[in-house]
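For reference, protein.cif (mmCIF, N, CA and C atoms):
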```
data_entry
loop_
_atom_site.label_atom_id
_atom_site.label_comp_id
_atom_site.auth_asym_id
_atom_site.auth_seq_id
_atom_site.Cartn_x
_atom_site.Cartn_y
_atom_site.Cartn_z
N MET A 1230 0.85 -1.17 0.00
CA MET A 1230 0.00 0.00 0.00
C MET A 1230 0.89 1.23 0.00
N HIS A 1231 0.49 2.22 -0.76
CA HIS A 1231 1.22 3.49 -0.84
C HIS A 1231 0.29 4.59 -0.31
N VAL A 1232 0.74 5.29 0.72
CA VAL A 1232 -0.04 6.39 1.30
C VAL A 1232 0.80 7.64 1.23
N GLU A 1233 0.22 8.71 0.69
CA GLU A 1233 0.96 9.96 0.52
C GLU A 1233 0.04 11.13 0.77
N GLN A 1234 0.44 12.07 1.60
CA GLN A 1234 -0.33 13.30 1.80
C GLN A 1234 0.17 14.32 0.78
N GLN A 1235 -0.74 14.84 -0.02
CA GLN A 1235 -0.37 15.82 -1.01
C GLN A 1235 -0.02 17.14 -0.32
N ALA A 1236 1.05 17.77 -0.77
CA ALA A 1236 1.46 19.08 -0.28
C ALA A 1236 1.66 20.00 -1.47
N CYS A 1237 1.36 21.25 -1.28
CA CYS A 1237 1.50 22.23 -2.34
C CYS A 1237 2.98 22.40 -2.70
N PRO A 1238 3.32 22.30 -3.98
CA PRO A 1238 4.72 22.49 -4.37
C PRO A 1238 5.18 23.95 -4.22
N SER A 1239 4.24 24.88 -4.13
CA SER A 1239 4.60 26.29 -4.01
C SER A 1239 4.77 26.74 -2.57
N CYS A 1240 3.77 26.46 -1.71
CA CYS A 1240 3.82 26.95 -0.33
C CYS A 1240 3.96 25.84 0.70
N HIS A 1241 3.94 24.59 0.27
CA HIS A 1241 4.14 23.41 1.12
C HIS A 1241 2.99 23.14 2.10
N SER A 1242 1.87 23.80 1.93
CA SER A 1242 0.71 23.55 2.77
C SER A 1242 0.11 22.20 2.43
N THR A 1243 -0.47 21.56 3.44
CA THR A 1243 -1.19 20.30 3.19
C THR A 1243 -2.71 20.52 3.27
N GLU A 1244 -3.12 21.78 3.38
CA GLU A 1244 -4.55 22.10 3.35
C GLU A 1244 -4.98 22.17 1.89
N VAL A 1245 -5.92 21.31 1.50
CA VAL A 1245 -6.31 21.21 0.10
C VAL A 1245 -7.82 21.34 -0.08
N THR A 1246 -8.20 21.67 -1.29
CA THR A 1246 -9.59 21.70 -1.72
C THR A 1246 -9.70 20.78 -2.93
N ASN A 1247 -10.72 19.95 -2.95
CA ASN A 1247 -10.95 19.06 -4.09
C ASN A 1247 -12.08 19.61 -4.95
N LEU A 1248 -11.84 19.65 -6.24
CA LEU A 1248 -12.88 20.03 -7.20
C LEU A 1248 -13.24 18.77 -7.98
N LEU A 1249 -14.51 18.42 -7.99
CA LEU A 1249 -14.99 17.28 -8.76
C LEU A 1249 -15.75 17.81 -9.96
N VAL A 1250 -15.36 17.38 -11.14
CA VAL A 1250 -15.96 17.89 -12.38
C VAL A 1250 -16.50 16.73 -13.18
N GLY A 1251 -17.78 16.75 -13.46
CA GLY A 1251 -18.40 15.70 -14.26
C GLY A 1251 -18.73 16.21 -15.65
N GLN A 1252 -18.37 15.44 -16.64
CA GLN A 1252 -18.70 15.75 -18.03
C GLN A 1252 -19.25 14.49 -18.67
N ASN A 1253 -20.25 14.65 -19.52
CA ASN A 1253 -20.91 13.49 -20.11
C ASN A 1253 -19.97 12.57 -20.86
N GLU A 1254 -19.05 13.12 -21.65
CA GLU A 1254 -18.21 12.30 -22.51
C GLU A 1254 -16.90 11.84 -21.87
N HIS A 1255 -16.62 12.25 -20.63
CA HIS A 1255 -15.38 11.90 -19.95
C HIS A 1255 -15.67 11.38 -18.54
N PRO A 1256 -14.76 10.58 -18.00
CA PRO A 1256 -14.93 10.16 -16.60
C PRO A 1256 -14.88 11.38 -15.68
N GLU A 1257 -15.49 11.28 -14.50
CA GLU A 1257 -15.46 12.39 -13.56
C GLU A 1257 -14.01 12.75 -13.25
N SER A 1258 -13.70 14.05 -13.29
CA SER A 1258 -12.34 14.53 -13.03
C SER A 1258 -12.24 15.04 -11.60
N ILE A 1259 -11.05 14.92 -11.04
CA ILE A 1259 -10.76 15.37 -9.69
C ILE A 1259 -9.56 16.30 -9.77
N TYR A 1260 -9.69 17.51 -9.20
CA TYR A 1260 -8.60 18.46 -9.15
C TYR A 1260 -8.34 18.81 -7.70
N VAL A 1261 -7.09 18.70 -7.27
CA VAL A 1261 -6.70 19.02 -5.90
C VAL A 1261 -5.92 20.31 -5.97
N ARG A 1262 -6.40 21.32 -5.23
CA ARG A 1262 -5.66 22.59 -5.23
C ARG A 1262 -5.40 23.03 -3.80
N CYS A 1263 -4.38 23.82 -3.65
CA CYS A 1263 -3.98 24.31 -2.35
C CYS A 1263 -5.05 25.27 -1.82
N ALA A 1264 -5.47 25.08 -0.58
CA ALA A 1264 -6.48 25.95 0.02
C ALA A 1264 -5.90 27.31 0.38
N LYS A 1265 -4.58 27.39 0.50
CA LYS A 1265 -3.96 28.66 0.87
C LYS A 1265 -3.62 29.52 -0.35
N CYS A 1266 -2.86 28.96 -1.30
CA CYS A 1266 -2.42 29.78 -2.45
C CYS A 1266 -3.16 29.43 -3.74
N GLU A 1267 -4.03 28.42 -3.72
CA GLU A 1267 -4.87 27.99 -4.83
C GLU A 1267 -4.09 27.41 -6.01
N GLU A 1268 -2.85 26.99 -5.77
CA GLU A 1268 -2.04 26.32 -6.79
C GLU A 1268 -2.62 24.93 -7.06
N LEU A 1269 -2.65 24.51 -8.33
CA LEU A 1269 -3.07 23.16 -8.67
C LEU A 1269 -2.01 22.19 -8.18
N ILE A 1270 -2.41 21.22 -7.37
CA ILE A 1270 -1.48 20.26 -6.79
C ILE A 1270 -1.50 18.95 -7.56
N ALA A 1271 -2.69 18.46 -7.88
CA ALA A 1271 -2.81 17.18 -8.57
C ALA A 1271 -4.11 17.13 -9.34
N TRP A 1272 -4.17 16.26 -10.32
CA TRP A 1272 -5.38 16.08 -11.11
C TRP A 1272 -5.50 14.62 -11.49
N GLY A 1273 -6.71 14.25 -11.81
CA GLY A 1273 -6.93 12.88 -12.25
C GLY A 1273 -8.39 12.64 -12.58
N ASN A 1274 -8.70 11.40 -12.86
CA ASN A 1274 -10.08 11.01 -13.11
C ASN A 1274 -10.24 9.59 -12.62
N LEU A 1275 -11.37 9.02 -12.85
CA LEU A 1275 -11.59 7.67 -12.35
C LEU A 1275 -10.70 6.64 -13.04
N ASN A 1276 -9.99 7.05 -14.10
CA ASN A 1276 -9.05 6.16 -14.77
C ASN A 1276 -7.62 6.32 -14.26
N GLY A 1277 -7.34 7.34 -13.45
CA GLY A 1277 -5.98 7.57 -12.95
C GLY A 1277 -5.89 8.89 -12.23
N PHE A 1278 -4.87 9.06 -11.41
CA PHE A 1278 -4.71 10.27 -10.61
C PHE A 1278 -3.24 10.66 -10.64
N PHE A 1279 -2.94 11.91 -11.00
CA PHE A 1279 -1.56 12.32 -11.24
C PHE A 1279 -1.26 13.66 -10.58
N PRO A 1280 -0.23 13.72 -9.73
CA PRO A 1280 0.17 15.01 -9.18
C PRO A 1280 0.58 15.96 -10.31
N GLN A 1281 0.22 17.24 -10.18
CA GLN A 1281 0.60 18.24 -11.16
C GLN A 1281 2.12 18.29 -11.23
N GLY A 1282 2.68 18.38 -12.42
CA GLY A 1282 4.12 18.34 -12.58
C GLY A 1282 4.64 16.91 -12.56
N GLU A 1283 3.73 15.96 -12.68
CA GLU A 1283 4.07 14.54 -12.62
C GLU A 1283 5.05 14.17 -13.73
N THR A 1284 5.88 13.23 -13.44
CA THR A 1284 6.84 12.75 -14.42
C THR A 1284 6.21 11.71 -15.32
N LEU A 1285 6.77 11.57 -16.48
CA LEU A 1285 6.32 10.55 -17.41
C LEU A 1285 6.50 9.16 -16.80
N GLU A 1286 7.54 8.99 -15.98
CA GLU A 1286 7.80 7.69 -15.37
C GLU A 1286 6.62 7.21 -14.54
N ARG A 1287 6.05 8.10 -13.70
CA ARG A 1287 4.91 7.69 -12.87
C ARG A 1287 3.68 7.41 -13.74
N TYR A 1288 3.50 8.22 -14.78
CA TYR A 1288 2.40 7.99 -15.72
C TYR A 1288 2.53 6.60 -16.34
N LEU A 1289 3.74 6.25 -16.76
CA LEU A 1289 3.96 4.94 -17.37
C LEU A 1289 3.70 3.81 -16.38
N LYS A 1290 4.12 4.00 -15.14
CA LYS A 1290 3.87 2.98 -14.11
C LYS A 1290 2.38 2.79 -13.90
N SER A 1291 1.62 3.87 -13.98
CA SER A 1291 0.17 3.77 -13.78
C SER A 1291 -0.50 3.03 -14.93
N ARG A 1292 0.16 2.97 -16.05
CA ARG A 1292 -0.37 2.30 -17.23
C ARG A 1292 0.22 0.91 -17.43
N ALA A 1293 0.91 0.39 -16.44
CA ALA A 1293 1.52 -0.94 -16.55
C ALA A 1293 0.46 -1.95 -16.95
N GLY A 1294 0.78 -2.74 -17.92
CA GLY A 1294 -0.17 -3.74 -18.41
C GLY A 1294 -0.95 -3.26 -19.61
N SER A 1295 -0.92 -1.95 -19.88
CA SER A 1295 -1.57 -1.41 -21.08
C SER A 1295 -0.66 -1.66 -22.28
N GLU A 1296 -1.26 -1.78 -23.42
CA GLU A 1296 -0.47 -2.00 -24.62
C GLU A 1296 -0.22 -0.68 -25.33
N SER A 1297 0.97 -0.54 -25.88
CA SER A 1297 1.32 0.63 -26.68
C SER A 1297 2.44 0.23 -27.62
N ASP A 1298 2.47 0.87 -28.76
CA ASP A 1298 3.46 0.51 -29.76
C ASP A 1298 4.81 1.19 -29.56
N SER A 1299 4.83 2.39 -28.99
CA SER A 1299 6.10 3.10 -28.92
C SER A 1299 6.12 4.10 -27.78
N GLY A 1300 7.31 4.53 -27.45
CA GLY A 1300 7.49 5.58 -26.45
C GLY A 1300 6.84 6.88 -26.89
N ARG A 1301 6.84 7.13 -28.18
CA ARG A 1301 6.20 8.36 -28.70
C ARG A 1301 4.70 8.35 -28.42
N GLN A 1302 4.09 7.18 -28.53
CA GLN A 1302 2.66 7.08 -28.23
C GLN A 1302 2.40 7.31 -26.75
N TRP A 1303 3.28 6.77 -25.88
CA TRP A 1303 3.14 7.01 -24.44
C TRP A 1303 3.25 8.49 -24.15
N LEU A 1304 4.26 9.14 -24.70
CA LEU A 1304 4.48 10.56 -24.46
C LEU A 1304 3.32 11.38 -25.00
N SER A 1305 2.85 11.05 -26.16
CA SER A 1305 1.72 11.76 -26.76
C SER A 1305 0.46 11.63 -25.89
N GLY A 1306 0.20 10.42 -25.40
CA GLY A 1306 -0.95 10.20 -24.53
C GLY A 1306 -0.85 10.97 -23.24
N PHE A 1307 0.34 10.99 -22.65
CA PHE A 1307 0.59 11.73 -21.41
C PHE A 1307 0.36 13.22 -21.63
N GLN A 1308 0.91 13.76 -22.70
CA GLN A 1308 0.77 15.19 -22.99
C GLN A 1308 -0.69 15.55 -23.30
N ALA A 1309 -1.37 14.70 -24.02
CA ALA A 1309 -2.78 14.97 -24.35
C ALA A 1309 -3.64 14.93 -23.09
N GLN A 1310 -3.38 13.97 -22.21
CA GLN A 1310 -4.16 13.87 -20.98
C GLN A 1310 -3.91 15.09 -20.09
N ARG A 1311 -2.67 15.52 -19.99
CA ARG A 1311 -2.33 16.71 -19.19
C ARG A 1311 -3.00 17.96 -19.77
N LYS A 1312 -2.95 18.12 -21.09
CA LYS A 1312 -3.55 19.29 -21.74
C LYS A 1312 -5.05 19.33 -21.50
N LEU A 1313 -5.72 18.21 -21.65
CA LEU A 1313 -7.16 18.14 -21.41
C LEU A 1313 -7.48 18.45 -19.95
N ALA A 1314 -6.70 17.89 -19.03
CA ALA A 1314 -6.93 18.13 -17.60
C ALA A 1314 -6.79 19.60 -17.25
N LEU A 1315 -5.76 20.25 -17.76
CA LEU A 1315 -5.55 21.67 -17.44
C LEU A 1315 -6.64 22.55 -18.05
N ALA A 1316 -7.08 22.23 -19.24
CA ALA A 1316 -8.16 23.00 -19.87
C ALA A 1316 -9.47 22.83 -19.09
N THR A 1317 -9.77 21.61 -18.68
CA THR A 1317 -10.98 21.35 -17.91
C THR A 1317 -10.92 22.02 -16.55
N TYR A 1318 -9.74 22.02 -15.93
CA TYR A 1318 -9.54 22.68 -14.64
C TYR A 1318 -9.82 24.18 -14.76
N GLN A 1319 -9.30 24.82 -15.79
CA GLN A 1319 -9.54 26.25 -15.99
C GLN A 1319 -11.03 26.52 -16.19
N GLU A 1320 -11.68 25.68 -16.95
CA GLU A 1320 -13.13 25.82 -17.18
C GLU A 1320 -13.89 25.66 -15.87
N ALA A 1321 -13.48 24.70 -15.04
CA ALA A 1321 -14.14 24.49 -13.75
C ALA A 1321 -13.95 25.70 -12.84
N LEU A 1322 -12.74 26.27 -12.83
CA LEU A 1322 -12.50 27.47 -12.02
C LEU A 1322 -13.37 28.64 -12.47
N GLU A 1323 -13.52 28.79 -13.77
CA GLU A 1323 -14.39 29.85 -14.30
C GLU A 1323 -15.83 29.63 -13.87
N GLN A 1324 -16.28 28.38 -13.91
CA GLN A 1324 -17.65 28.07 -13.50
C GLN A 1324 -17.84 28.33 -12.01
N LEU A 1325 -16.84 27.98 -11.20
CA LEU A 1325 -16.91 28.27 -9.77
C LEU A 1325 -16.99 29.77 -9.52
N GLY A 1326 -16.19 30.53 -10.27
CA GLY A 1326 -16.17 31.98 -10.12
C GLY A 1326 -17.48 32.64 -10.50
N SER A 1327 -18.21 32.02 -11.42
CA SER A 1327 -19.48 32.59 -11.85
C SER A 1327 -20.65 32.10 -11.00
N GLY A 1328 -20.37 31.21 -10.04
CA GLY A 1328 -21.42 30.70 -9.17
C GLY A 1328 -22.23 29.58 -9.75
N GLU A 1329 -21.79 28.99 -10.86
CA GLU A 1329 -22.52 27.91 -11.52
C GLU A 1329 -22.13 26.54 -11.00
N GLN A 1330 -21.95 26.40 -9.71
CA GLN A 1330 -21.56 25.11 -9.16
C GLN A 1330 -22.77 24.39 -8.58
N SER A 1331 -22.61 23.10 -8.39
CA SER A 1331 -23.68 22.33 -7.78
C SER A 1331 -23.15 21.69 -6.51
N THR A 1332 -24.05 21.26 -5.67
CA THR A 1332 -23.65 20.54 -4.47
C THR A 1332 -23.45 19.08 -4.85
N HIS A 1333 -22.77 18.33 -4.00
CA HIS A 1333 -22.48 16.93 -4.28
C HIS A 1333 -23.78 16.17 -4.57
N GLY A 1334 -23.76 15.44 -5.68
CA GLY A 1334 -24.92 14.63 -6.03
C GLY A 1334 -25.87 15.31 -6.98
N GLU A 1335 -25.66 16.59 -7.26
CA GLU A 1335 -26.50 17.31 -8.22
C GLU A 1335 -25.67 17.64 -9.43
N SER A 1336 -26.30 17.80 -10.58
CA SER A 1336 -25.56 18.20 -11.79
C SER A 1336 -26.01 19.59 -12.20
N THR A 1337 -25.11 20.26 -12.92
CA THR A 1337 -25.46 21.61 -13.39
C THR A 1337 -25.93 21.57 -14.81
#
```
Write the structure described by the file as structure tokens, please.
Amino acid sequence: MHVEQQACPSCHSTEVTNLLVGQNEHPESIYVRCAKCEELIAWGNLNGFFPQGETLERYLKSRAGSESDSGRQWLSGFQAQRKLALATYQEALEQLGSGEQSTHGEST
């Protein structure tokens, strides 16, 4: 078993806020941000969870047993997943700022 408390890479606080984002065409996303400085700490979805600034090595370990033809495909998948996560995170922050959020168990 691996247990790790997430800490903010900027201010080292362990006080965090979780943002859960549901989209019809994607698994529910989870964003962990620092409650003090609001820096994005980690992101993931029901298919995997990755600290922000994560290395390709940890991404590859999380995909152990998956098939892929080349390192370029692994890198491309990692970069695409990170890009989508960051775009969705920004969209979620905008929605939170506009007050368009829902409580747990409700959809917007």
**Request:** Identify, on the basis of all atoms listed in the file, every residue whose closest approach to Glu1268 in chain A does not exceed 7 Å; exclude the query and any residue fewer than 6 positions from it along the same chain; express the result as a list in words.
**Result:** Cys1237, Ser1239, Val1261 and Arg1262 of chain A
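Here CA of Trp1272 in chain A is placed at a distance of 12.5 Å from atom N of Ala1321 in chain A.
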**Asked** Near Cys1240 in chain A, within 8 Å and counting only N, CA and C atoms, which residues show up once chain neighbours fewer than 4 positions away are dropped, as a list in words?
**Response** Ala1236, Lys1265, Cys1266 and Glu1268 of chain A
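For the atom pair formed by atom C of Gly1326 in chain A and atom N of Ala1309 in chain A, the distance is 27.6 Å, given to one decimal.
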Kindly resolve the PyMOL selection byres (((chain A and resi 1269 and name CA) around 12) and name CA) on the present coordinates and return the residues as a short mmCIF file (atom, residue, chain, number, x, y, z; two decimals) with N, CA and C atoms, in the coordinates of the input.
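In the end it all went to selection_1.cif:
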```cif
data_model
loop_
_atom_site.label_atom_id
_atom_site.label_comp_id
_atom_site.auth_asym_id
_atom_site.auth_seq_id
_atom_site.Cartn_x
_atom_site.Cartn_y
_atom_site.Cartn_z
N GLN A 1235 -0.74 14.84 -0.02
CA GLN A 1235 -0.37 15.82 -1.01
C GLN A 1235 -0.02 17.14 -0.32
N ALA A 1236 1.05 17.77 -0.77
CA ALA A 1236 1.46 19.08 -0.28
C ALA A 1236 1.66 20.00 -1.47
N CYS A 1237 1.36 21.25 -1.28
CA CYS A 1237 1.50 22.23 -2.34
C CYS A 1237 2.98 22.40 -2.70
N PRO A 1238 3.32 22.30 -3.98
CA PRO A 1238 4.72 22.49 -4.37
C PRO A 1238 5.18 23.95 -4.22
N SER A 1239 4.24 24.88 -4.13
CA SER A 1239 4.60 26.29 -4.01
C SER A 1239 4.77 26.74 -2.57
N CYS A 1240 3.77 26.46 -1.71
CA CYS A 1240 3.82 26.95 -0.33
C CYS A 1240 3.96 25.84 0.70
N VAL A 1245 -5.92 21.31 1.50
CA VAL A 1245 -6.31 21.21 0.10
C VAL A 1245 -7.82 21.34 -0.08
N THR A 1246 -8.20 21.67 -1.29
CA THR A 1246 -9.59 21.70 -1.72
C THR A 1246 -9.70 20.78 -2.93
N ASN A 1247 -10.72 19.95 -2.95
CA ASN A 1247 -10.95 19.06 -4.09
C ASN A 1247 -12.08 19.61 -4.95
N LEU A 1248 -11.84 19.65 -6.24
CA LEU A 1248 -12.88 20.03 -7.20
C LEU A 1248 -13.24 18.77 -7.98
N ILE A 1259 -11.05 14.92 -11.04
CA ILE A 1259 -10.76 15.37 -9.69
C ILE A 1259 -9.56 16.30 -9.77
N TYR A 1260 -9.69 17.51 -9.20
CA TYR A 1260 -8.60 18.46 -9.15
C TYR A 1260 -8.34 18.81 -7.70
N VAL A 1261 -7.09 18.70 -7.27
CA VAL A 1261 -6.70 19.02 -5.90
C VAL A 1261 -5.92 20.31 -5.97
N ARG A 1262 -6.40 21.32 -5.23
CA ARG A 1262 -5.66 22.59 -5.23
C ARG A 1262 -5.40 23.03 -3.80
N CYS A 1263 -4.38 23.82 -3.65
CA CYS A 1263 -3.98 24.31 -2.35
C CYS A 1263 -5.05 25.27 -1.82
N ALA A 1264 -5.47 25.08 -0.58
CA ALA A 1264 -6.48 25.95 0.02
C ALA A 1264 -5.90 27.31 0.38
N LYS A 1265 -4.58 27.39 0.50
CA LYS A 1265 -3.96 28.66 0.87
C LYS A 1265 -3.62 29.52 -0.35
N CYS A 1266 -2.86 28.96 -1.30
CA CYS A 1266 -2.42 29.78 -2.45
C CYS A 1266 -3.16 29.43 -3.74
N GLU A 1267 -4.03 28.42 -3.72
CA GLU A 1267 -4.87 27.99 -4.83
C GLU A 1267 -4.09 27.41 -6.01
N GLU A 1268 -2.85 26.99 -5.77
CA GLU A 1268 -2.04 26.32 -6.79
C GLU A 1268 -2.62 24.93 -7.06
N ILE A 1270 -2.41 21.22 -7.37
CA ILE A 1270 -1.48 20.26 -6.79
C ILE A 1270 -1.50 18.95 -7.56
N ALA A 1271 -2.69 18.46 -7.88
CA ALA A 1271 -2.81 17.18 -8.57
C ALA A 1271 -4.11 17.13 -9.34
N TRP A 1272 -4.17 16.26 -10.32
CA TRP A 1272 -5.38 16.08 -11.11
C TRP A 1272 -5.50 14.62 -11.49
N GLY A 1273 -6.71 14.25 -11.81
CA GLY A 1273 -6.93 12.88 -12.25
C GLY A 1273 -8.39 12.64 -12.58
N PHE A 1279 -2.94 11.91 -11.00
CA PHE A 1279 -1.56 12.32 -11.24
C PHE A 1279 -1.26 13.66 -10.58
N PRO A 1280 -0.23 13.72 -9.73
CA PRO A 1280 0.17 15.01 -9.18
C PRO A 1280 0.58 15.96 -10.31
N GLN A 1281 0.22 17.24 -10.18
CA GLN A 1281 0.60 18.24 -11.16
C GLN A 1281 2.12 18.29 -11.23
N GLY A 1282 2.68 18.38 -12.42
CA GLY A 1282 4.12 18.34 -12.58
C GLY A 1282 4.64 16.91 -12.56
N GLU A 1283 3.73 15.96 -12.68
CA GLU A 1283 4.07 14.54 -12.62
C GLU A 1283 5.05 14.17 -13.73
N ALA A 1314 -6.70 17.89 -19.03
CA ALA A 1314 -6.93 18.13 -17.60
C ALA A 1314 -6.79 19.60 -17.25
N LEU A 1315 -5.76 20.25 -17.76
CA LEU A 1315 -5.55 21.67 -17.44
C LEU A 1315 -6.64 22.55 -18.05
N TYR A 1318 -9.74 22.02 -15.93
CA TYR A 1318 -9.54 22.68 -14.64
C TYR A 1318 -9.82 24.18 -14.76
N GLN A 1319 -9.30 24.82 -15.79
CA GLN A 1319 -9.54 26.25 -15.99
C GLN A 1319 -11.03 26.52 -16.19
N LEU A 1322 -12.74 26.27 -12.83
CA LEU A 1322 -12.50 27.47 -12.02
C LEU A 1322 -13.37 28.64 -12.47
#
```
